[in-house]
Amino acid sequence: MTKPEQKALGEYVRLVADMLELRDWTIELSEEPAPADSYGHITNTYGRKLAVLKLAPDFRSLTASQQRHTVVHELVHCHLESATNMVLNDLESHLAKQADQLFWEGFKRQIEYGVDALASAIAKQMPLIVWPKK
């Protein structure tokens, strides 16, 4: 991505985050790519309102709607971070390791389905990114 494209993307992510009521969150764009099996990935910092967003190397080649959905999807995770951390961190000492792992994997899967459905509903209300002219 060119510097102007990175700037436009950063401004777009901030705009969408603000529209999602994440004004008090710091969202950093990583230069590292998202995992190969996804368009995007967000990592939240435990105990802080700080997240690092990674996007696929071919993010720019996605349709405008796919780009918007990806950004919204990853940002919606921020709203569910406290519940996710509660399950990840608070149950471990109360459940047998196998039960904890089984619960965690199921919970993560359900969070992903919920986040994706919310992103599909919300993204329609968000603007599309405007990329700089080449």
# chains A, B, ... in the order shown; residues from 1 in each chain; ligands from 1

$ select_by_dssp --residues "chain A" --states "helix (DSSP H, G or I)" --output "JSON, numbers by chain"
{"A": [3, 4, 5, 6, 7, 8, 9, 10, 11, 12, 13, 14, 15, 16, 17, 18, 19, 59, 60, 61, 64, 65, 66, 67, 68, 69, 70, 71, 72, 73, 74, 75, 76, 77, 78, 79, 81, 82, 83, 84, 85, 86, 87, 88, 89, 90, 97, 98, 99, 100, 101, 102, 103, 104, 105, 106, 107, 108, 109, 110, 111, 112, 113, 114, 115, 116, 117, 118, 119, 120, 121, 122, 123]}

$ select_by_dssp --residues "chain A" --states "strand (DSSP E)" --output "list of chain:residue names"
A:Thr26, A:Ile27, A:Glu28, A:Leu29, A:Gly40, A:His41, A:Ile42, A:Thr43, A:Asn44, A:Leu50, A:Ala51, A:Val52, A:Leu53, A:Lys54, A:Leu55

$ residues_around --residues "Asp116 (chain A)" --least-positions-apart "3" --cutoff "9 Å" --atoms "only C-alpha atoms" --output "list in words"
His69, Val72, His73, Glu74, Val76, Ile111, Glu112, Tyr113, Ala119, Ser120 and Ala121 of chain A

$ write_last_selection --atoms "all heavy atoms" --output "mmCIF file, in the first residue's frame"
data_model
loop_
_atom_site.group_PDB
_atom_site.id
_atom_site.type_symbol
_atom_site.label_atom_id
_atom_site.label_comp_id
_atom_site.auth_asym_id
_atom_site.auth_seq_id
_atom_site.Cartn_x
_atom_site.Cartn_y
_atom_site.Cartn_z
ATOM 1 N N HIS A 69 -16.920 -4.291 5.320
ATOM 2 C CA HIS A 69 -17.347 -5.360 6.218
ATOM 3 C C HIS A 69 -16.176 -5.837 7.074
ATOM 4 O O HIS A 69 -16.325 -6.064 8.284
ATOM 5 C CB HIS A 69 -17.936 -6.532 5.425
ATOM 6 C CG HIS A 69 -18.451 -7.615 6.307
ATOM 7 N ND1 HIS A 69 -17.666 -8.637 6.777
ATOM 8 C CD2 HIS A 69 -19.677 -7.828 6.830
ATOM 9 C CE1 HIS A 69 -18.378 -9.437 7.551
ATOM 10 N NE2 HIS A 69 -19.605 -8.970 7.602
ATOM 11 N N VAL A 72 -15.429 -3.199 9.803
ATOM 12 C CA VAL A 72 -16.491 -3.207 10.819
ATOM 13 C C VAL A 72 -16.410 -4.482 11.660
ATOM 14 O O VAL A 72 -16.485 -4.423 12.891
ATOM 15 C CB VAL A 72 -17.886 -3.056 10.165
ATOM 16 C CG1 VAL A 72 -19.003 -3.278 11.184
ATOM 17 C CG2 VAL A 72 -18.016 -1.681 9.518
ATOM 18 N N HIS A 73 -16.250 -5.629 11.011
ATOM 19 C CA HIS A 73 -16.158 -6.903 11.727
ATOM 20 C C HIS A 73 -15.060 -6.851 12.794
ATOM 21 O O HIS A 73 -15.297 -7.190 13.960
ATOM 22 C CB HIS A 73 -15.879 -8.045 10.738
ATOM 23 C CG HIS A 73 -15.652 -9.372 11.384
ATOM 24 N ND1 HIS A 73 -16.580 -10.384 11.325
ATOM 25 C CD2 HIS A 73 -14.616 -9.862 12.107
ATOM 26 C CE1 HIS A 73 -16.122 -11.431 11.986
ATOM 27 N NE2 HIS A 73 -14.920 -11.147 12.470
ATOM 28 N N GLU A 74 -13.878 -6.434 12.380
ATOM 29 C CA GLU A 74 -12.763 -6.421 13.337
ATOM 30 C C GLU A 74 -13.009 -5.426 14.467
ATOM 31 O O GLU A 74 -12.701 -5.711 15.628
ATOM 32 C CB GLU A 74 -11.450 -6.137 12.613
ATOM 33 C CG GLU A 74 -11.059 -7.196 11.591
ATOM 34 C CD GLU A 74 -11.091 -8.628 12.110
ATOM 35 O OE1 GLU A 74 -10.809 -8.852 13.296
ATOM 36 O OE2 GLU A 74 -11.399 -9.536 11.313
ATOM 37 N N VAL A 76 -15.936 -4.450 15.689
ATOM 38 C CA VAL A 76 -16.999 -4.939 16.585
ATOM 39 C C VAL A 76 -16.396 -5.825 17.678
ATOM 40 O O VAL A 76 -16.882 -5.842 18.816
ATOM 41 C CB VAL A 76 -18.112 -5.667 15.792
ATOM 42 C CG1 VAL A 76 -19.036 -6.452 16.715
ATOM 43 C CG2 VAL A 76 -18.916 -4.664 14.972
ATOM 44 N N ILE A 111 -18.695 -16.279 19.295
ATOM 45 C CA ILE A 111 -18.368 -14.848 19.201
ATOM 46 C C ILE A 111 -18.152 -14.475 17.736
ATOM 47 O O ILE A 111 -18.653 -13.449 17.260
ATOM 48 C CB ILE A 111 -17.133 -14.493 20.059
ATOM 49 C CG1 ILE A 111 -17.490 -14.493 21.543
ATOM 50 C CG2 ILE A 111 -16.521 -13.156 19.646
ATOM 51 C CD1 ILE A 111 -18.370 -13.341 21.995
ATOM 52 N N GLU A 112 -17.425 -15.297 16.992
ATOM 53 C CA GLU A 112 -17.175 -15.002 15.572
ATOM 54 C C GLU A 112 -18.473 -14.951 14.777
ATOM 55 O O GLU A 112 -18.654 -14.052 13.948
ATOM 56 C CB GLU A 112 -16.218 -16.021 14.950
ATOM 57 C CG GLU A 112 -14.777 -15.768 15.240
ATOM 58 C CD GLU A 112 -14.279 -14.388 14.797
ATOM 59 O OE1 GLU A 112 -14.695 -13.865 13.732
ATOM 60 O OE2 GLU A 112 -13.467 -13.827 15.543
ATOM 61 N N TYR A 113 -19.361 -15.909 14.996
ATOM 62 C CA TYR A 113 -20.644 -15.884 14.291
ATOM 63 C C TYR A 113 -21.434 -14.624 14.643
ATOM 64 O O TYR A 113 -22.008 -13.976 13.765
ATOM 65 C CB TYR A 113 -21.490 -17.121 14.629
ATOM 66 C CG TYR A 113 -21.014 -18.400 14.004
ATOM 67 C CD1 TYR A 113 -20.918 -19.565 14.761
ATOM 68 C CD2 TYR A 113 -20.676 -18.475 12.650
ATOM 69 C CE1 TYR A 113 -20.497 -20.759 14.188
ATOM 70 C CE2 TYR A 113 -20.252 -19.668 12.081
ATOM 71 C CZ TYR A 113 -20.161 -20.795 12.850
ATOM 72 O OH TYR A 113 -19.741 -21.980 12.292
ATOM 73 N N ALA A 119 -21.664 -7.337 12.122
ATOM 74 C CA ALA A 119 -20.943 -6.570 11.096
ATOM 75 C C ALA A 119 -21.767 -6.480 9.821
ATOM 76 O O ALA A 119 -21.808 -5.419 9.178
ATOM 77 C CB ALA A 119 -19.581 -7.208 10.823
ATOM 78 N N SER A 120 -22.415 -7.562 9.438
ATOM 79 C CA SER A 120 -23.248 -7.537 8.232
ATOM 80 C C SER A 120 -24.386 -6.530 8.372
ATOM 81 O O SER A 120 -24.712 -5.813 7.417
ATOM 82 C CB SER A 120 -23.825 -8.925 7.940
ATOM 83 O OG SER A 120 -22.792 -9.801 7.559
ATOM 84 N N ALA A 121 -24.997 -6.463 9.543
ATOM 85 C CA ALA A 121 -26.095 -5.534 9.773
ATOM 86 C C ALA A 121 -25.601 -4.087 9.862
ATOM 87 O O ALA A 121 -26.205 -3.177 9.297
ATOM 88 C CB ALA A 121 -26.840 -5.918 11.049
#

$ closest_residue --among "A:Glu28, A:His77, A:Leu20, A:Phe107" --to "Leu55 (chain A)" --atoms "only C-alpha atoms"
A:Glu28

$ residues_around --residues "Glu32 (chain A)" --least-positions-apart "6" --cutoff "10 Å" --atoms "only C-alpha atoms" --output "list in words"
Leu53, Lys54, Leu55, Ala56 and Pro57 of chain A

$ write_last_selection --atoms "N, CA, C and O atoms" --output "mmCIF file, in the first residue's frame"
data_model
loop_
_atom_site.group_PDB
_atom_site.id
_atom_site.type_symbol
_atom_site.label_atom_id
_atom_site.label_comp_id
_atom_site.auth_asym_id
_atom_site.auth_seq_id
_atom_site.Cartn_x
_atom_site.Cartn_y
_atom_site.Cartn_z
ATOM 1 N N LEU A 53 -4.897 -3.601 14.492
ATOM 2 C CA LEU A 53 -5.615 -4.163 13.356
ATOM 3 C C LEU A 53 -4.634 -4.559 12.261
ATOM 4 O O LEU A 53 -3.815 -3.753 11.830
ATOM 5 N N LYS A 54 -4.742 -5.825 11.844
ATOM 6 C CA LYS A 54 -3.940 -6.332 10.726
ATOM 7 C C LYS A 54 -4.899 -6.666 9.587
ATOM 8 O O LYS A 54 -5.971 -7.215 9.825
ATOM 9 N N LEU A 55 -4.484 -6.326 8.378
ATOM 10 C CA LEU A 55 -5.306 -6.605 7.210
ATOM 11 C C LEU A 55 -4.538 -7.479 6.227
ATOM 12 O O LEU A 55 -3.308 -7.481 6.224
ATOM 13 N N ALA A 56 -5.280 -8.200 5.402
ATOM 14 C CA ALA A 56 -4.674 -9.095 4.417
ATOM 15 C C ALA A 56 -3.836 -8.289 3.424
ATOM 16 O O ALA A 56 -4.165 -7.135 3.121
ATOM 17 N N PRO A 57 -2.763 -8.891 2.919
ATOM 18 C CA PRO A 57 -1.928 -8.195 1.932
ATOM 19 C C PRO A 57 -2.721 -7.760 0.694
ATOM 20 O O PRO A 57 -2.415 -6.730 0.100
#

$ atom_distance --atom1 "CA of Gln125 (chain A)" --atom2 "CA of Arg14 (chain A)"
15.6 Å
